[in-house]
Every structure is written in C-alpha cells, then in structure tokens.
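See below for data_11.pdb, which holds PDB, C-alpha atoms.
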```pdb
ATOM      1  CA  MET O 257     -12.514 -11.888   0.179
ATOM      2  CA  THR O 258     -10.344 -14.778   1.276
ATOM      3  CA  ALA O 259     -10.516 -17.905  -0.857
ATOM      4  CA  SER O 260     -11.396 -21.303   0.538
ATOM      5  CA  PRO O 261      -8.712 -24.014   0.362
ATOM      6  CA  GLU O 262     -10.600 -25.590  -2.559
ATOM      7  CA  ARG O 263     -10.506 -22.408  -4.684
ATOM      8  CA  THR O 264      -7.439 -20.874  -6.302
ATOM      9  CA  PRO O 265      -6.946 -17.310  -5.061
ATOM     10  CA  GLU O 266      -6.191 -14.516  -7.482
ATOM     11  CA  VAL O 267      -3.824 -12.826  -5.028
ATOM     12  CA  SER O 268      -1.517 -14.285  -2.391
ATOM     13  CA  LEU O 269      -0.702 -11.763   0.309
ATOM     14  CA  ILE O 270       2.492 -12.347   2.316
ATOM     15  CA  ILE O 271       2.943 -10.611   5.653
ATOM     16  CA  PRO O 272       6.288 -11.234   7.386
ATOM     17  CA  CYS O 273       5.949 -10.740  11.116
ATOM     18  CA  LEU O 274       8.123 -10.731  14.203
ATOM     19  CA  ASN O 275       6.629  -9.777  17.573
ATOM     20  CA  GLU O 276       3.603  -8.009  16.104
ATOM     21  CA  ALA O 277       0.965  -9.074  18.633
ATOM     22  CA  GLY O 278      -0.384  -5.541  19.011
ATOM     23  CA  HIS O 279      -1.076  -5.226  15.297
ATOM     24  CA  ALA O 280      -2.236  -8.831  14.900
ATOM     25  CA  ALA O 281      -4.939  -8.339  17.511
ATOM     26  CA  LEU O 282      -6.543  -5.712  15.240
ATOM     27  CA  TYR O 283      -6.394  -7.617  11.952
ATOM     28  CA  GLU O 284     -10.083  -8.529  11.820
ATOM     29  CA  GLU O 285     -10.810  -4.810  11.422
ATOM     30  CA  THR O 286      -7.647  -3.411   9.858
ATOM     31  CA  LEU O 287      -6.732  -6.233   7.444
ATOM     32  CA  PHE O 288      -9.628  -8.576   6.776
ATOM     33  CA  LYS O 289     -12.421  -6.021   6.637
ATOM     34  CA  PRO O 290     -10.849  -4.191   3.630
ATOM     35  CA  LEU O 291      -9.834  -7.512   2.032
ATOM     36  CA  ASP O 292     -13.378  -8.854   2.321
ATOM     37  CA  ALA O 293     -14.617  -5.745   0.500
ATOM     38  CA  ALA O 294     -11.883  -5.737  -2.147
ATOM     39  CA  GLY O 295     -13.685  -7.781  -4.799
ATOM     40  CA  PHE O 296     -10.976 -10.343  -5.516
ATOM     41  CA  GLU O 297     -10.239 -13.708  -3.951
ATOM     42  CA  SER O 298      -7.102 -13.818  -1.849
ATOM     43  CA  GLU O 299      -5.135 -15.903   0.567
ATOM     44  CA  VAL O 300      -3.072 -14.446   3.395
ATOM     45  CA  ILE O 301       0.164 -16.113   4.432
ATOM     46  CA  PHE O 302       1.723 -14.906   7.653
ATOM     47  CA  SER O 303       5.401 -15.803   7.797
ATOM     48  CA  ASP O 304       6.462 -15.616  11.422
ATOM     49  CA  GLY O 305      10.181 -15.218  12.004
ATOM     50  CA  GLY O 306      10.343 -16.477  15.580
ATOM     51  CA  SER O 307       7.949 -14.236  17.519
ATOM     52  CA  THR O 308       7.997 -14.546  21.300
ATOM     53  CA  ASP O 309       5.143 -12.172  22.205
ATOM     54  CA  GLY O 310       2.117 -14.274  21.270
ATOM     55  CA  THR O 311       1.891 -13.147  17.637
ATOM     56  CA  ALA O 312       1.801 -16.718  16.345
ATOM     57  CA  GLY O 313      -0.996 -17.650  18.747
ATOM     58  CA  ILE O 314      -3.193 -14.740  17.625
ATOM     59  CA  ILE O 315      -2.623 -15.498  13.949
ATOM     60  CA  GLY O 316      -3.176 -19.193  14.559
ATOM     61  CA  GLU O 317      -6.636 -18.380  15.921
ATOM     62  CA  LEU O 318      -7.350 -16.257  12.832
ATOM     63  CA  ALA O 319      -6.279 -19.119  10.581
ATOM     64  CA  ALA O 320      -8.528 -21.554  12.461
ATOM     65  CA  ARG O 321     -11.667 -19.531  11.768
ATOM     66  CA  ARG O 322     -10.820 -17.913   8.434
ATOM     67  CA  PRO O 323     -10.414 -19.938   5.212
ATOM     68  CA  GLY O 324      -7.476 -18.895   3.111
ATOM     69  CA  VAL O 325      -5.344 -17.792   6.067
ATOM     70  CA  ARG O 326      -2.159 -19.690   6.838
ATOM     71  CA  LEU O 327       0.654 -19.345   9.336
ATOM     72  CA  LEU O 328       4.214 -20.409   8.560
ATOM     73  CA  ARG O 329       6.418 -20.515  11.648
ATOM     74  CA  THR O 330      10.161 -20.618  12.108
ATOM     75  CA  PRO O 331      11.265 -21.500  15.637
ATOM     76  CA  GLU O 332      14.565 -19.640  15.313
ATOM     77  CA  ALA O 333      14.809 -15.940  14.515
ATOM     78  CA  SER O 334      14.521 -15.245  10.785
ATOM     79  CA  SER O 335      15.329 -12.117   8.817
ATOM     80  CA  PHE O 336      12.781 -10.108   6.869
ATOM     81  CA  ALA O 337      14.031 -11.557   3.573
ATOM     82  CA  GLU O 338      14.103 -15.117   4.914
ATOM     83  CA  SER O 339      10.487 -14.817   6.052
ATOM     84  CA  LEU O 340       9.426 -13.672   2.589
ATOM     85  CA  ALA O 341      11.494 -16.309   0.783
ATOM     86  CA  LYS O 342       9.976 -19.073   2.917
ATOM     87  CA  ALA O 343       6.429 -18.010   2.051
ATOM     88  CA  ILE O 344       6.740 -17.499  -1.712
ATOM     89  CA  PRO O 345       6.798 -21.219  -2.664
ATOM     90  CA  ALA O 346       3.622 -21.717  -0.624
ATOM     91  CA  CYS O 347       1.665 -19.096  -2.591
ATOM     92  CA  ARG O 348      -1.132 -20.386  -4.818
ATOM     93  CA  GLY O 349      -2.231 -17.091  -6.366
ATOM     94  CA  GLU O 350      -1.508 -15.717  -9.820
ATOM     95  CA  TYR O 351      -0.186 -12.578  -8.143
ATOM     96  CA  ILE O 352       1.799 -12.067  -4.947
ATOM     97  CA  VAL O 353       1.711  -8.948  -2.780
ATOM     98  CA  PHE O 354       4.038  -8.031   0.075
ATOM     99  CA  LEU O 355       2.676  -6.065   3.040
ATOM    100  CA  GLU O 356       4.282  -5.067   6.332
ATOM    101  CA  ALA O 357       2.744  -6.350   9.551
ATOM    102  CA  ASP O 358       2.020  -2.817  10.781
ATOM    103  CA  LEU O 359      -0.055  -2.179   7.618
ATOM    104  CA  SER O 360       1.823   0.995   6.772
ATOM    105  CA  PHE O 361       0.150   0.644   3.356
ATOM    106  CA  SER O 362      -3.598   0.129   3.162
ATOM    107  CA  PRO O 363      -4.737  -3.414   2.272
ATOM    108  CA  GLY O 364      -7.614  -1.824   0.381
ATOM    109  CA  ASP O 365      -5.150  -0.379  -2.116
ATOM    110  CA  ILE O 366      -4.159  -3.863  -3.316
ATOM    111  CA  SER O 367      -7.098  -3.649  -5.708
ATOM    112  CA  LYS O 368      -5.411  -0.666  -7.406
ATOM    113  CA  LEU O 369      -2.205  -2.642  -7.935
ATOM    114  CA  LEU O 370      -4.153  -5.626  -9.245
ATOM    115  CA  ALA O 371      -6.237  -3.542 -11.644
ATOM    116  CA  ALA O 372      -3.104  -1.926 -13.081
ATOM    117  CA  ALA O 373      -1.342  -5.290 -13.460
ATOM    118  CA  LYS O 374      -4.275  -6.812 -15.331
ATOM    119  CA  ALA O 375      -4.902  -3.771 -17.521
ATOM    120  CA  GLY O 376      -1.292  -3.512 -18.688
ATOM    121  CA  ALA O 377      -0.131  -7.127 -18.346
ATOM    122  CA  TYR O 378       2.543  -5.976 -15.902
ATOM    123  CA  ASP O 379       4.883  -8.307 -14.046
ATOM    124  CA  CYS O 380       5.334  -5.881 -11.149
ATOM    125  CA  VAL O 381       3.251  -2.947  -9.948
ATOM    126  CA  CYS O 382       4.603  -0.703  -7.204
ATOM    127  CA  GLY O 383       2.534   1.400  -4.853
ATOM    128  CA  SER O 384       4.318   4.755  -4.780
ATOM    129  CA  PRO O 385       3.809   7.358  -2.036
ATOM    130  CA  PHE O 386       5.924   9.678  -4.181
ATOM    131  CA  LEU O 387       3.116   9.732  -6.730
ATOM    132  CA  GLY O 388       0.514   9.821  -3.968
ATOM    133  CA  ARG O 389       1.280  11.040  -0.460
ATOM    134  CA  PHE O 390       2.936  10.111   2.827
ATOM    135  CA  GLU O 391       0.726   9.886   5.910
ATOM    136  CA  GLY O 392       1.852   9.533   9.512
ATOM    137  CA  ILE O 393       5.544   9.585   8.551
ATOM    138  CA  SER O 394       7.975  11.961  10.227
ATOM    139  CA  LEU O 395       9.819  14.568   8.205
ATOM    140  CA  ALA O 396      13.154  12.901   9.007
ATOM    141  CA  ARG O 397      11.948   9.539   7.699
ATOM    142  CA  ARG O 398      10.427  11.113   4.586
ATOM    143  CA  THR O 399      13.711  12.888   3.879
ATOM    144  CA  LEU O 400      15.706   9.685   4.304
ATOM    145  CA  THR O 401      13.290   7.761   2.082
ATOM    146  CA  ARG O 402      13.409  10.398  -0.648
ATOM    147  CA  SER O 403      17.207  10.452  -0.583
ATOM    148  CA  ALA O 404      17.526   6.669  -0.755
ATOM    149  CA  ASN O 405      15.067   6.406  -3.623
ATOM    150  CA  LEU O 406      16.780   9.208  -5.526
ATOM    151  CA  LEU O 407      20.101   7.349  -5.366
ATOM    152  CA  LEU O 408      18.437   4.114  -6.491
ATOM    153  CA  ARG O 409      16.715   5.877  -9.373
ATOM    154  CA  LEU O 410      20.051   7.241 -10.541
ATOM    155  CA  ARG O 411      21.538   3.754 -10.388
ATOM    156  CA  PHE O 412      18.736   1.552 -11.738
ATOM    157  CA  GLY O 413      16.377   3.795 -13.690
ATOM    158  CA  ARG O 414      14.361   6.954 -13.210
ATOM    159  CA  ALA O 415      11.124   5.580 -14.628
ATOM    160  CA  VAL O 416      10.312   4.131 -11.196
ATOM    161  CA  THR O 417       9.992   6.444  -8.181
ATOM    162  CA  SER O 418       9.537   3.937  -5.335
ATOM    163  CA  TYR O 419      12.282   1.354  -4.845
ATOM    164  CA  THR O 420      12.403   0.952  -1.072
ATOM    165  CA  GLN O 421       8.708   0.455  -0.232
ATOM    166  CA  ILE O 422       7.526  -3.108   0.382
ATOM    167  CA  PHE O 423       4.083  -2.528  -1.149
ATOM    168  CA  LYS O 424       4.486  -4.220  -4.523
ATOM    169  CA  LEU O 425       2.442  -6.716  -6.514
ATOM    170  CA  PHE O 426       4.311  -9.317  -8.572
ATOM    171  CA  ARG O 427       3.142 -11.816 -11.132
ATOM    172  CA  ALA O 428       3.880 -15.036  -9.248
ATOM    173  CA  SER O 429       5.512 -16.729 -12.227
ATOM    174  CA  ALA O 430       7.950 -13.809 -12.549
ATOM    175  CA  LEU O 431       8.725 -13.421  -8.839
ATOM    176  CA  LYS O 432       9.479 -17.122  -8.429
ATOM    177  CA  THR O 433      12.349 -16.803 -10.931
ATOM    178  CA  LEU O 434      14.200 -14.243  -8.784
ATOM    179  CA  ASP O 435      16.840 -15.193  -6.239
ATOM    180  CA  PHE O 436      17.171 -13.375  -2.920
ATOM    181  CA  GLU O 437      20.599 -11.997  -1.986
ATOM    182  CA  ASN O 438      19.871  -9.364   0.655
ATOM    183  CA  LYS O 439      18.692 -10.371   4.119
ATOM    184  CA  GLY O 440      17.093  -7.128   5.287
ATOM    185  CA  PHE O 441      14.710  -4.459   4.050
ATOM    186  CA  THR O 442      16.985  -3.676   1.085
ATOM    187  CA  LEU O 443      15.367  -6.718  -0.500
ATOM    188  CA  ASP O 444      12.538  -4.447  -1.681
ATOM    189  CA  ALA O 445      14.922  -2.517  -3.914
ATOM    190  CA  GLU O 446      16.825  -5.637  -4.967
ATOM    191  CA  LEU O 447      13.769  -7.417  -6.344
ATOM    192  CA  LEU O 448      12.610  -4.354  -8.262
ATOM    193  CA  ALA O 449      16.072  -3.765  -9.731
ATOM    194  CA  LYS O 450      16.168  -7.396 -10.875
ATOM    195  CA  CYS O 451      12.740  -7.064 -12.495
ATOM    196  CA  LEU O 452      13.976  -4.047 -14.450
ATOM    197  CA  ALA O 453      17.243  -5.768 -15.390
ATOM    198  CA  ARG O 454      15.358  -8.765 -16.784
ATOM    199  CA  GLY O 455      13.069  -6.612 -18.852
ATOM    200  CA  PHE O 456       9.946  -7.404 -16.851
ATOM    201  CA  LYS O 457       7.083  -4.964 -17.342
ATOM    202  CA  VAL O 458       6.936  -2.627 -14.334
ATOM    203  CA  ALA O 459       4.399   0.077 -13.477
ATOM    204  CA  GLU O 460       3.507   2.298 -10.527
ATOM    205  CA  VAL O 461       0.271   3.590  -9.052
ATOM    206  CA  PRO O 462      -0.126   6.428  -6.509
TER
END
```

Would you kindly transcribe this structure into structure tokens?
Amino acid sequence: MTASPERTPEVSLIIPCLNEAGHAALYEETLFKPLDAAGFESEVIFSDGGSTDGTAGIIGELAARRPGVRLLRTPEASSFAESLAKAIPACRGEYIVFLEADLSFSPGDISKLLAAAKAGAYDCVCGSPFLGRFEGISLARRTLTRSANLLLRLRFGRAVTSYTQIFKLFRASALKTLDFENKGFTLDAELLAKCLARGFKVAEVP
C-alpha cells in the first residue's frame, strides 16, 4: 500500500525511467496492484531522465491520484546512475528498493526482501535469480549475466551470487553513505561491492 504524505513509508521504491510510456501505461495493474497487496507502506519515486515519449505525463497523472507517488524530472538526458542518485535524497522510507521501469523483477517480491532485512538486521538484501530462476530471458543474456556475475564473485566475494541485478533493498541510512562513481548499469555491482567492503550485512533471497 502506498503511504499518504503525512505518514512515513517503510519502503521507498525508486524507478528510474527514460521513454517508458508503454510500461507506465500498465502500472495500475502491474505495479500498484501488487504493492497495494504487499502489506507494507511504501512510496514510489519515479526519476525521469528526460523522457520524450509521454512517460512523464502518464506518471504525473498517477501521482495526481495516488498518494505516495512522486515524479522527479530532469529536462536534459540523465544516465541510469544519475536518475537513481537524484532520487535517493528524496526518499523518506527506512528502506530503499531499486526497480527497473520494465518491472523485470516482480514488485510483489519486495516483501521477501523486506522480511529478510528485518529478520536478520541486514543493510542490503539482493534478489537473486541464480538462487531462484530466470523467466523470459534469452539464453544468450542468461549466459552473459552468469559470466559477468562469476567474474564479480571472484573479485569481490563468492558469498553473493547476484551482483549485476538492480533488484536490491538497502537500509536507507547505509545507502546514503555510499558515493556513486559509475554512470551506467554497472552501478548495481558497484554499490554491492562497496557494501561488502564496508562490512555491511548483506543477504540474498531467491
């Protein structure tokens, strides 16, 4: 359920978006329906990196009729990392979750990340398809993802299987201490590696 502006949400969900009108038009069903049933209070911050296809207009209409939904816009084109970095200071929740605009990970699974974080007092909980399963992903992409994550595990630690996936929940107070160096999708791995290097408690769920 999305929190009203007067209530502090437990989870802040950040969705960076750039020309995602097709997906945004379906969010009432694909995003908000599972969030409304999730059992925790949340806010959703859409960080638009300069969309030109009407994405911002669709999300603006959602924000006008849904409490706890906000749109941050950048008139010039912004990178994936810049869109995330812009939204983090605006988060009010105790936890922050990243999700891609195409919802490649299910919003309903946020409750699994949150439950694990609270049960083990974790600073970061990763959703790992390597412990679960890949759906709707081509063999070539799965092979590339497995190879990249294997190399990262050898470099930063084998206890974690999923470095490159965006679907992670962070304790807000921990995430806000991390600086962003990468501009693209490698930011996912960078933030996790920094959590491990700082001794933050990290866990994974399938």

For this session: Could you tell me which residues the PyMOL selection byres ((chain O and resi 353) around 6) returns for this structure, as a PyMOL selection string?
Result: chain O and resi 269+352+354+424-425

Problem set entry | Distance criterion (only C-alpha atoms): nearest to His279 (chain O) out of O:Ala346, O:Val325, O:Ala312, O:Ala357 | O:Ala357

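When only C-alpha atoms are used to compute distances to Glu332 (chain O), the closest of the residues O:Leu274, O:Ile314, O:Leu355, O:Ala445 turns out to be O:Leu274.
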
For this session: Tell me, as a ChimeraX atom specification, which residues lie within 7 Å of region 300-308 of chain O, counting only C-alpha atoms; anything in the same chain fewer than 2 positions away does not count.
Result: /O:268-275,298,310-312,324-335,339-340,343

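Applied to the shown file, the PyMOL selection byres ((chain O and resi 266) around 9) selects the residues Ala259, Thr264, Pro265, Val267, Ser268, Phe296, Glu297, Ser298, Glu299, Arg348, Gly349, Glu350, Tyr351 and Ile352 of chain O.
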
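Atom to atom, CA of Ala373 (chain O) and CA of Ala280 (chain O) stand 28.6 Å apart.
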
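Applied to the file shown here, the PyMOL selection byres ((chain O and resi 383) around 6) selects Cys382, Ser384, Phe423, Lys424, Glu460, Val461 and Pro462 of chain O.
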
Exercise. For the point (-6.8, 0.1, 3.8) in file coordinates, what residues are within 12 Å, counting only C-alpha atoms? Give the answer as an NGL selection string?
Worked result: :O and (283 or 285-294 or 355 or 358-368)

Emit region 323-351 of chain O of the structure in the block as a file comprising N, CA and C atoms, as a PDB file, in the first residue's frame.
```
ATOM      1  N   PRO O 323      -1.702   8.822  -3.553  1.00  0.00           N
ATOM      2  CA  PRO O 323      -0.809   9.358  -2.514  1.00  0.00           C
ATOM      3  C   PRO O 323       0.463   8.524  -2.448  1.00  0.00           C
ATOM      4  N   GLY O 324       1.556   9.169  -2.129  1.00  0.00           N
ATOM      5  CA  GLY O 324       2.801   8.438  -2.009  1.00  0.00           C
ATOM      6  C   GLY O 324       3.519   8.186  -3.314  1.00  0.00           C
ATOM      7  N   VAL O 325       3.037   8.784  -4.405  1.00  0.00           N
ATOM      8  CA  VAL O 325       3.704   8.643  -5.703  1.00  0.00           C
ATOM      9  C   VAL O 325       4.235  10.004  -6.109  1.00  0.00           C
ATOM     10  N   ARG O 326       5.521  10.045  -6.447  1.00  0.00           N
ATOM     11  CA  ARG O 326       6.138  11.308  -6.849  1.00  0.00           C
ATOM     12  C   ARG O 326       6.917  11.143  -8.145  1.00  0.00           C
ATOM     13  N   LEU O 327       7.010  12.222  -8.878  1.00  0.00           N
ATOM     14  CA  LEU O 327       7.771  12.247 -10.124  1.00  0.00           C
ATOM     15  C   LEU O 327       8.860  13.305 -10.018  1.00  0.00           C
ATOM     16  N   LEU O 328      10.104  12.879 -10.218  1.00  0.00           N
ATOM     17  CA  LEU O 328      11.232  13.794 -10.307  1.00  0.00           C
ATOM     18  C   LEU O 328      11.658  13.858 -11.767  1.00  0.00           C
ATOM     19  N   ARG O 329      11.717  15.046 -12.320  1.00  0.00           N
ATOM     20  CA  ARG O 329      12.034  15.186 -13.746  1.00  0.00           C
ATOM     21  C   ARG O 329      13.334  15.942 -13.943  1.00  0.00           C
ATOM     22  N   THR O 330      14.073  15.500 -14.948  1.00  0.00           N
ATOM     23  CA  THR O 330      15.272  16.198 -15.396  1.00  0.00           C
ATOM     24  C   THR O 330      15.072  16.558 -16.860  1.00  0.00           C
ATOM     25  N   PRO O 331      15.100  17.825 -17.200  1.00  0.00           N
ATOM     26  CA  PRO O 331      14.821  18.204 -18.594  1.00  0.00           C
ATOM     27  C   PRO O 331      15.848  17.663 -19.580  1.00  0.00           C
ATOM     28  N   GLU O 332      17.125  17.618 -19.163  1.00  0.00           N
ATOM     29  CA  GLU O 332      18.146  17.068 -20.045  1.00  0.00           C
ATOM     30  C   GLU O 332      18.292  15.571 -19.795  1.00  0.00           C
ATOM     31  N   ALA O 333      18.862  14.870 -20.762  1.00  0.00           N
ATOM     32  CA  ALA O 333      19.034  13.428 -20.637  1.00  0.00           C
ATOM     33  C   ALA O 333      19.944  13.104 -19.462  1.00  0.00           C
ATOM     34  N   SER O 334      19.514  12.138 -18.640  1.00  0.00           N
ATOM     35  CA  SER O 334      20.293  11.717 -17.480  1.00  0.00           C
ATOM     36  C   SER O 334      20.600  10.231 -17.589  1.00  0.00           C
ATOM     37  N   SER O 335      21.731   9.831 -17.037  1.00  0.00           N
ATOM     38  CA  SER O 335      22.099   8.422 -17.047  1.00  0.00           C
ATOM     39  C   SER O 335      21.297   7.661 -15.999  1.00  0.00           C
ATOM     40  N   PHE O 336      21.368   6.350 -16.088  1.00  0.00           N
ATOM     41  CA  PHE O 336      20.718   5.473 -15.118  1.00  0.00           C
ATOM     42  C   PHE O 336      21.165   5.823 -13.704  1.00  0.00           C
ATOM     43  N   ALA O 337      22.468   5.927 -13.497  1.00  0.00           N
ATOM     44  CA  ALA O 337      23.012   6.219 -12.167  1.00  0.00           C
ATOM     45  C   ALA O 337      22.605   7.607 -11.698  1.00  0.00           C
ATOM     46  N   GLU O 338      22.607   8.582 -12.587  1.00  0.00           N
ATOM     47  CA  GLU O 338      22.215   9.939 -12.207  1.00  0.00           C
ATOM     48  C   GLU O 338      20.753  10.002 -11.781  1.00  0.00           C
ATOM     49  N   SER O 339      19.901   9.228 -12.441  1.00  0.00           N
ATOM     50  CA  SER O 339      18.489   9.195 -12.072  1.00  0.00           C
ATOM     51  C   SER O 339      18.303   8.605 -10.681  1.00  0.00           C
ATOM     52  N   LEU O 340      19.056   7.557 -10.367  1.00  0.00           N
ATOM     53  CA  LEU O 340      18.978   6.968  -9.035  1.00  0.00           C
ATOM     54  C   LEU O 340      19.517   7.936  -7.980  1.00  0.00           C
ATOM     55  N   ALA O 341      20.686   8.510  -8.261  1.00  0.00           N
ATOM     56  CA  ALA O 341      21.326   9.403  -7.286  1.00  0.00           C
ATOM     57  C   ALA O 341      20.445  10.606  -6.967  1.00  0.00           C
ATOM     58  N   LYS O 342      19.720  11.099  -7.950  1.00  0.00           N
ATOM     59  CA  LYS O 342      18.840  12.249  -7.742  1.00  0.00           C
ATOM     60  C   LYS O 342      17.679  11.901  -6.819  1.00  0.00           C
ATOM     61  N   ALA O 343      17.215  10.655  -6.875  1.00  0.00           N
ATOM     62  CA  ALA O 343      16.031  10.267  -6.116  1.00  0.00           C
ATOM     63  C   ALA O 343      16.331   9.874  -4.679  1.00  0.00           C
ATOM     64  N   ILE O 344      17.525   9.372  -4.413  1.00  0.00           N
ATOM     65  CA  ILE O 344      17.834   8.847  -3.075  1.00  0.00           C
ATOM     66  C   ILE O 344      17.638   9.884  -1.964  1.00  0.00           C
ATOM     67  N   PRO O 345      18.115  11.129  -2.118  1.00  0.00           N
ATOM     68  CA  PRO O 345      17.904  12.102  -1.038  1.00  0.00           C
ATOM     69  C   PRO O 345      16.436  12.409  -0.771  1.00  0.00           C
ATOM     70  N   ALA O 346      15.576  12.154  -1.747  1.00  0.00           N
ATOM     71  CA  ALA O 346      14.152  12.443  -1.587  1.00  0.00           C
ATOM     72  C   ALA O 346      13.399  11.328  -0.873  1.00  0.00           C
ATOM     73  N   CYS O 347      14.051  10.190  -0.656  1.00  0.00           N
ATOM     74  CA  CYS O 347      13.379   9.039  -0.044  1.00  0.00           C
ATOM     75  C   CYS O 347      13.126   9.270   1.438  1.00  0.00           C
ATOM     76  N   ARG O 348      11.939   8.911   1.895  1.00  0.00           N
ATOM     77  CA  ARG O 348      11.564   9.064   3.297  1.00  0.00           C
ATOM     78  C   ARG O 348      11.540   7.744   4.041  1.00  0.00           C
ATOM     79  N   GLY O 349      11.629   6.623   3.338  1.00  0.00           N
ATOM     80  CA  GLY O 349      11.476   5.319   3.956  1.00  0.00           C
ATOM     81  C   GLY O 349      12.709   4.847   4.707  1.00  0.00           C
ATOM     82  N   GLU O 350      12.498   3.874   5.583  1.00  0.00           N
ATOM     83  CA  GLU O 350      13.618   3.258   6.302  1.00  0.00           C
ATOM     84  C   GLU O 350      14.447   2.402   5.366  1.00  0.00           C
ATOM     85  N   TYR O 351      13.795   1.863   4.340  1.00  0.00           N
ATOM     86  CA  TYR O 351      14.472   1.035   3.345  1.00  0.00           C
ATOM     87  C   TYR O 351      14.233   1.612   1.964  1.00  0.00           C
TER      88      TYR O 351
END
```
